[in-house]
Number of protein chains: 2
Amino acid sequence: MAKPGVARPSGERLKNPAISRWLKTVPGWKAQDRRSSITRTYVLPGFRSALAFVQFVGELAEAHDHHPDIDIRYKKVTLNLSTHSAGGLTEKDFALAREVDAR
Amino acid sequence: MAKPGVARPSGERLKNPAISRWLKTVPGWKAQDRRSSITRTYVLPGFRSALAFVQFVGELAEAHDHHPDIDIRYKKVTLNLSTHSAGGLTEKDFALAREVDAR
């Protein structure tokens with residue numbers, strides 16, 4: 001397992017034990033779809049805050065060249081991260097999740 | 001049926017014949033969930049354009065005080081409109097849909 005905060009997260013698909021370890025580094029995120037993705041829902045104060053949060057996530061996504069699925073339901077924003085090219089979770093997903101939560 | 005472009009769209013639930021008429025005014029939008037909502041997916045040139053489009057829709061939503069569900073899948077943005085307080089489609093949904101497409 002690479003160290004959290006690794007500069008160049010690997011795009012190799014993680015195995016179950018590694019996923020378990022990485023999950024501990026991103027409280028609030030949950031694995032789903034047979035551990036092929038991670039998801040978290042954020043509740044913002046209102047719709048405008050939700051939009052601003054989406055812009056912030058979008059900037060990070062561009063910087064990482066890794067783009068979460070984003071669902072906006074008024075003031076709730078759900079992110080879903082997976083590395084489609086690897087067919088599941090990689091360090092890239094956890095690296096971006098960690099950075100979103102470091103805001 | 002109120003005229004399209006009506007200043008104050010009604011929040012009353014539309015009946016089937018009215019929905020059919022309104023649908024003709026928003027090409028590209030489709031009714032779903034037993035005609036309780038309308039949806040359209042926009043394919044933008046890239047992720048940044050998708051984010052900008054979401055901001056644009058967000059501003060309109062605030063102006064209308066009517067907020068679509070918004071799903072971002074990289075450069076695809078899906079909007080879903082329904083008037084939850086009315087339990088289905090109202091003029092509010094079509095008024096916002098028309099304004100999004102007048103961009």
# chains A, B, ... in the order shown; residues from 1 in each chain; ligands from 1
>>> residues_around(residues="range 27-44 of chain A", least_positions_apart="4", cutoff="6 Å", atoms="only C-alpha atoms", output="VMD selection string")
chain A and resid 49 to 50 75 to 82 88 to 89
>>> write_last_selection(atoms="all heavy atoms", output="PDB file, in the first residue's frame")
ATOM      1  N   SER A  49     -24.483  26.774  -1.973  1.00  0.00           N
ATOM      2  CA  SER A  49     -23.292  26.142  -1.393  1.00  0.00           C
ATOM      3  C   SER A  49     -23.009  24.823  -2.093  1.00  0.00           C
ATOM      4  O   SER A  49     -21.853  24.442  -2.292  1.00  0.00           O
ATOM      5  CB  SER A  49     -23.490  25.869   0.101  1.00  0.00           C
ATOM      6  OG  SER A  49     -24.144  26.921   0.725  1.00  0.00           O
ATOM      7  N   ALA A  50     -24.086  24.110  -2.457  1.00  0.00           N
ATOM      8  CA  ALA A  50     -23.908  22.836  -3.159  1.00  0.00           C
ATOM      9  C   ALA A  50     -23.233  23.076  -4.510  1.00  0.00           C
ATOM     10  O   ALA A  50     -22.305  22.360  -4.893  1.00  0.00           O
ATOM     11  CB  ALA A  50     -25.255  22.139  -3.343  1.00  0.00           C
ATOM     12  N   LYS A  75     -29.596  20.563  -1.882  1.00  0.00           N
ATOM     13  CA  LYS A  75     -28.381  20.881  -1.115  1.00  0.00           C
ATOM     14  C   LYS A  75     -27.542  19.650  -0.777  1.00  0.00           C
ATOM     15  O   LYS A  75     -26.585  19.747  -0.018  1.00  0.00           O
ATOM     16  CB  LYS A  75     -28.754  21.666   0.154  1.00  0.00           C
ATOM     17  CG  LYS A  75     -29.571  20.904   1.157  1.00  0.00           C
ATOM     18  CD  LYS A  75     -29.838  21.785   2.385  1.00  0.00           C
ATOM     19  CE  LYS A  75     -30.562  21.000   3.461  1.00  0.00           C
ATOM     20  NZ  LYS A  75     -30.753  21.801   4.694  1.00  0.00           N
ATOM     21  N   LYS A  76     -27.912  18.532  -1.354  1.00  0.00           N
ATOM     22  CA  LYS A  76     -27.130  17.313  -1.143  1.00  0.00           C
ATOM     23  C   LYS A  76     -26.324  16.987  -2.405  1.00  0.00           C
ATOM     24  O   LYS A  76     -26.868  16.989  -3.510  1.00  0.00           O
ATOM     25  CB  LYS A  76     -28.041  16.124  -0.842  1.00  0.00           C
ATOM     26  CG  LYS A  76     -28.663  16.176   0.535  1.00  0.00           C
ATOM     27  CD  LYS A  76     -29.443  14.896   0.815  1.00  0.00           C
ATOM     28  CE  LYS A  76     -30.249  15.053   2.099  1.00  0.00           C
ATOM     29  NZ  LYS A  76     -31.099  13.890   2.368  1.00  0.00           N
ATOM     30  N   VAL A  77     -25.055  16.713  -2.208  1.00  0.00           N
ATOM     31  CA  VAL A  77     -24.192  16.345  -3.332  1.00  0.00           C
ATOM     32  C   VAL A  77     -23.570  14.983  -3.052  1.00  0.00           C
ATOM     33  O   VAL A  77     -22.924  14.791  -2.020  1.00  0.00           O
ATOM     34  CB  VAL A  77     -23.072  17.388  -3.546  1.00  0.00           C
ATOM     35  CG1 VAL A  77     -22.158  16.959  -4.691  1.00  0.00           C
ATOM     36  CG2 VAL A  77     -23.655  18.769  -3.815  1.00  0.00           C
ATOM     37  N   THR A  78     -23.788  14.047  -3.966  1.00  0.00           N
ATOM     38  CA  THR A  78     -23.199  12.719  -3.810  1.00  0.00           C
ATOM     39  C   THR A  78     -22.091  12.521  -4.835  1.00  0.00           C
ATOM     40  O   THR A  78     -22.288  12.759  -6.031  1.00  0.00           O
ATOM     41  CB  THR A  78     -24.273  11.621  -3.994  1.00  0.00           C
ATOM     42  OG1 THR A  78     -25.253  11.765  -2.964  1.00  0.00           O
ATOM     43  CG2 THR A  78     -23.654  10.231  -3.893  1.00  0.00           C
ATOM     44  N   LEU A  79     -20.932  12.118  -4.341  1.00  0.00           N
ATOM     45  CA  LEU A  79     -19.802  11.813  -5.226  1.00  0.00           C
ATOM     46  C   LEU A  79     -19.626  10.304  -5.276  1.00  0.00           C
ATOM     47  O   LEU A  79     -19.806   9.607  -4.275  1.00  0.00           O
ATOM     48  CB  LEU A  79     -18.512  12.451  -4.687  1.00  0.00           C
ATOM     49  CG  LEU A  79     -18.558  13.957  -4.417  1.00  0.00           C
ATOM     50  CD1 LEU A  79     -17.185  14.433  -3.924  1.00  0.00           C
ATOM     51  CD2 LEU A  79     -18.963  14.728  -5.663  1.00  0.00           C
ATOM     52  N   ASN A  80     -19.267   9.812  -6.450  1.00  0.00           N
ATOM     53  CA  ASN A  80     -18.972   8.400  -6.604  1.00  0.00           C
ATOM     54  C   ASN A  80     -17.674   8.288  -7.397  1.00  0.00           C
ATOM     55  O   ASN A  80     -17.548   8.843  -8.481  1.00  0.00           O
ATOM     56  CB  ASN A  80     -20.127   7.705  -7.342  1.00  0.00           C
ATOM     57  CG  ASN A  80     -19.991   6.202  -7.249  1.00  0.00           C
ATOM     58  OD1 ASN A  80     -19.233   5.594  -7.990  1.00  0.00           O
ATOM     59  ND2 ASN A  80     -20.693   5.584  -6.311  1.00  0.00           N
ATOM     60  N   LEU A  81     -16.730   7.572  -6.801  1.00  0.00           N
ATOM     61  CA  LEU A  81     -15.403   7.455  -7.418  1.00  0.00           C
ATOM     62  C   LEU A  81     -15.076   6.014  -7.754  1.00  0.00           C
ATOM     63  O   LEU A  81     -15.254   5.109  -6.931  1.00  0.00           O
ATOM     64  CB  LEU A  81     -14.345   7.997  -6.455  1.00  0.00           C
ATOM     65  CG  LEU A  81     -14.107   9.504  -6.495  1.00  0.00           C
ATOM     66  CD1 LEU A  81     -13.408   9.980  -5.233  1.00  0.00           C
ATOM     67  CD2 LEU A  81     -13.278   9.865  -7.729  1.00  0.00           C
ATOM     68  N   SER A  82     -14.577   5.823  -8.960  1.00  0.00           N
ATOM     69  CA  SER A  82     -14.134   4.514  -9.416  1.00  0.00           C
ATOM     70  C   SER A  82     -13.146   4.755 -10.555  1.00  0.00           C
ATOM     71  O   SER A  82     -13.182   5.800 -11.199  1.00  0.00           O
ATOM     72  CB  SER A  82     -15.333   3.705  -9.906  1.00  0.00           C
ATOM     73  OG  SER A  82     -14.927   2.401 -10.287  1.00  0.00           O
ATOM     74  N   GLY A  88     -12.246  -0.919 -11.343  1.00  0.00           N
ATOM     75  CA  GLY A  88     -12.540  -0.918  -9.904  1.00  0.00           C
ATOM     76  C   GLY A  88     -11.790   0.194  -9.192  1.00  0.00           C
ATOM     77  O   GLY A  88     -11.439   1.206  -9.806  1.00  0.00           O
ATOM     78  N   LEU A  89     -11.567  -0.007  -7.915  1.00  0.00           N
ATOM     79  CA  LEU A  89     -10.924   1.021  -7.092  1.00  0.00           C
ATOM     80  C   LEU A  89      -9.404   0.997  -7.228  1.00  0.00           C
ATOM     81  O   LEU A  89      -8.789  -0.079  -7.258  1.00  0.00           O
ATOM     82  CB  LEU A  89     -11.302   0.824  -5.623  1.00  0.00           C
ATOM     83  CG  LEU A  89     -12.731   1.213  -5.250  1.00  0.00           C
ATOM     84  CD1 LEU A  89     -13.104   0.688  -3.874  1.00  0.00           C
ATOM     85  CD2 LEU A  89     -12.888   2.739  -5.317  1.00  0.00           C
TER      86      LEU A  89
END
>>> select_by_dssp(residues="chain A", states="strand (DSSP E)", output="list in words")
Lys30, Ala31, Gln32, Ser37, Ile38, Thr39, Arg40, Thr41, Tyr42, Val43, Asp69, Ile70, Asp71, Ile72, Arg73, Lys76, Val77, Thr78, Leu79, Asn80 and Leu81 of chain A
>>> residues_around(residues="Asp65 in chain A", least_positions_apart="4", cutoff="10 Å", atoms="only C-alpha atoms", output="list of chain:residue names")
A:Gly58, A:Glu59, A:Leu60, A:Ala61, A:Lys92, A:Leu96
>>> write_last_selection(atoms="N, CA and C atoms", output="tab-separated table (two decimals), in the first residue's frame")
chain	number	residue	atom	x	y	z
A	58	GLY	N	-14.90	19.90	-8.93
A	58	GLY	CA	-14.56	19.90	-10.35
A	58	GLY	C	-13.13	20.36	-10.59
A	59	GLU	N	-12.71	21.38	-9.87
A	59	GLU	CA	-11.32	21.86	-10.01
A	59	GLU	C	-10.33	20.77	-9.58
A	60	LEU	N	-10.63	20.14	-8.45
A	60	LEU	CA	-9.76	19.05	-7.98
A	60	LEU	C	-9.75	17.91	-9.00
A	61	ALA	N	-10.90	17.61	-9.54
A	61	ALA	CA	-11.01	16.51	-10.51
A	61	ALA	C	-10.13	16.80	-11.73
A	92	LYS	N	-5.97	6.17	-7.07
A	92	LYS	CA	-6.48	7.46	-7.61
A	92	LYS	C	-7.78	7.87	-6.94
A	96	LEU	N	-8.14	11.25	-4.48
A	96	LEU	CA	-9.08	12.35	-4.74
A	96	LEU	C	-10.07	12.51	-3.58
>>> interface_residues(of="chain B", to="chain A", cutoff="6 Å", atoms="only C-alpha atoms", output="list of chain:residue names")
B:Asp69, B:Ile70, B:Asp71, B:Ile72, B:Arg73
>>> write_last_selection(atoms="C-alpha atoms", output="PDB file, in the first residue's frame")
ATOM      1  CA  ASP B  69     -31.895  16.987 -10.016  1.00  0.00           C
ATOM      2  CA  ILE B  70     -28.536  17.237 -11.753  1.00  0.00           C
ATOM      3  CA  ASP B  71     -26.259  14.303 -12.561  1.00  0.00           C
ATOM      4  CA  ILE B  72     -22.785  14.899 -13.936  1.00  0.00           C
ATOM      5  CA  ARG B  73     -21.034  12.036 -15.739  1.00  0.00           C
TER       6      ARG B  73
END
>>> closest_residue(among="B:Val26, B:His84, B:Lys15, B:Ser10", to="Ala97 in chain B", atoms="only C-alpha atoms")
B:Val26
>>> atom_distance(atom1="CA of Ile19 in chain A", atom2="CA of Glu99 in chain A")
17.3 Å
>>> select_by_dssp(residues="chain A", states="helix (DSSP H, G or I)", output="MDAnalysis selection string")
chainID A and resid 16:23 47:64 84:86 91:101
>>> write_last_selection(atoms="C-alpha atoms", output="JSON list (two decimals), in the first residue's frame")
[["chain", "number", "residue", "atom", "x", "y", "z"],
["A", 16, "ASN", "CA", -9.56, -6.34, -0.94],
["A", 17, "PRO", "CA", -7.09, -6.01, 1.94],
["A", 18, "ALA", "CA", -5.67, -2.82, 0.46],
["A", 19, "ILE", "CA", -9.18, -1.42, -0.05],
["A", 20, "SER", "CA", -9.92, -2.08, 3.61],
["A", 21, "ARG", "CA", -6.81, -0.19, 4.65],
["A", 22, "TRP", "CA", -7.52, 2.73, 2.34],
["A", 23, "LEU", "CA", -11.14, 2.96, 3.49],
["A", 47, "PHE", "CA", -28.30, 25.02, -3.12],
["A", 48, "ARG", "CA", -25.75, 27.76, -3.78],
["A", 49, "SER", "CA", -23.29, 26.14, -1.39],
["A", 50, "ALA", "CA", -23.91, 22.84, -3.16],
["A", 51, "LEU", "CA", -23.07, 24.45, -6.52],
["A", 52, "ALA", "CA", -19.90, 26.00, -5.07],
["A", 53, "PHE", "CA", -18.90, 22.64, -3.63],
["A", 54, "VAL", "CA", -19.38, 21.02, -7.05],
["A", 55, "GLN", "CA", -17.12, 23.66, -8.61],
["A", 56, "PHE", "CA", -14.49, 22.97, -5.98],
["A", 57, "VAL", "CA", -14.70, 19.22, -6.60],
["A", 58, "GLY", "CA", -14.56, 19.90, -10.35],
["A", 59, "GLU", "CA", -11.32, 21.86, -10.01],
["A", 60, "LEU", "CA", -9.76, 19.05, -7.98],
["A", 61, "ALA", "CA", -11.01, 16.51, -10.51],
["A", 62, "GLU", "CA", -9.32, 18.41, -13.33],
["A", 63, "ALA", "CA", -6.09, 18.70, -11.33],
["A", 64, "HIS", "CA", -6.14, 14.95, -10.70],
["A", 84, "HIS", "CA", -13.15, 2.68, -14.93],
["A", 85, "SER", "CA", -9.94, 1.93, -16.85],
["A", 86, "ALA", "CA", -8.92, -0.43, -14.03],
["A", 91, "GLU", "CA", -5.23, 4.70, -5.29],
["A", 92, "LYS", "CA", -6.48, 7.46, -7.61],
["A", 93, "ASP", "CA", -9.94, 7.19, -6.09],
["A", 94, "PHE", "CA", -8.75, 7.42, -2.53],
["A", 95, "ALA", "CA", -6.28, 10.20, -3.32],
["A", 96, "LEU", "CA", -9.08, 12.35, -4.74],
["A", 97, "ALA", "CA", -11.48, 11.46, -1.92],
["A", 98, "ARG", "CA", -8.87, 12.50, 0.63],
["A", 99, "GLU", "CA", -8.26, 15.78, -1.12],
["A", 100, "VAL", "CA", -11.96, 16.61, -1.30],
["A", 101, "ASP", "CA", -12.18, 16.07, 2.44]]
>>> atom_distance(atom1="CA of Thr83 in chain B", atom2="CA of Lys24 in chain B")
18.9 Å
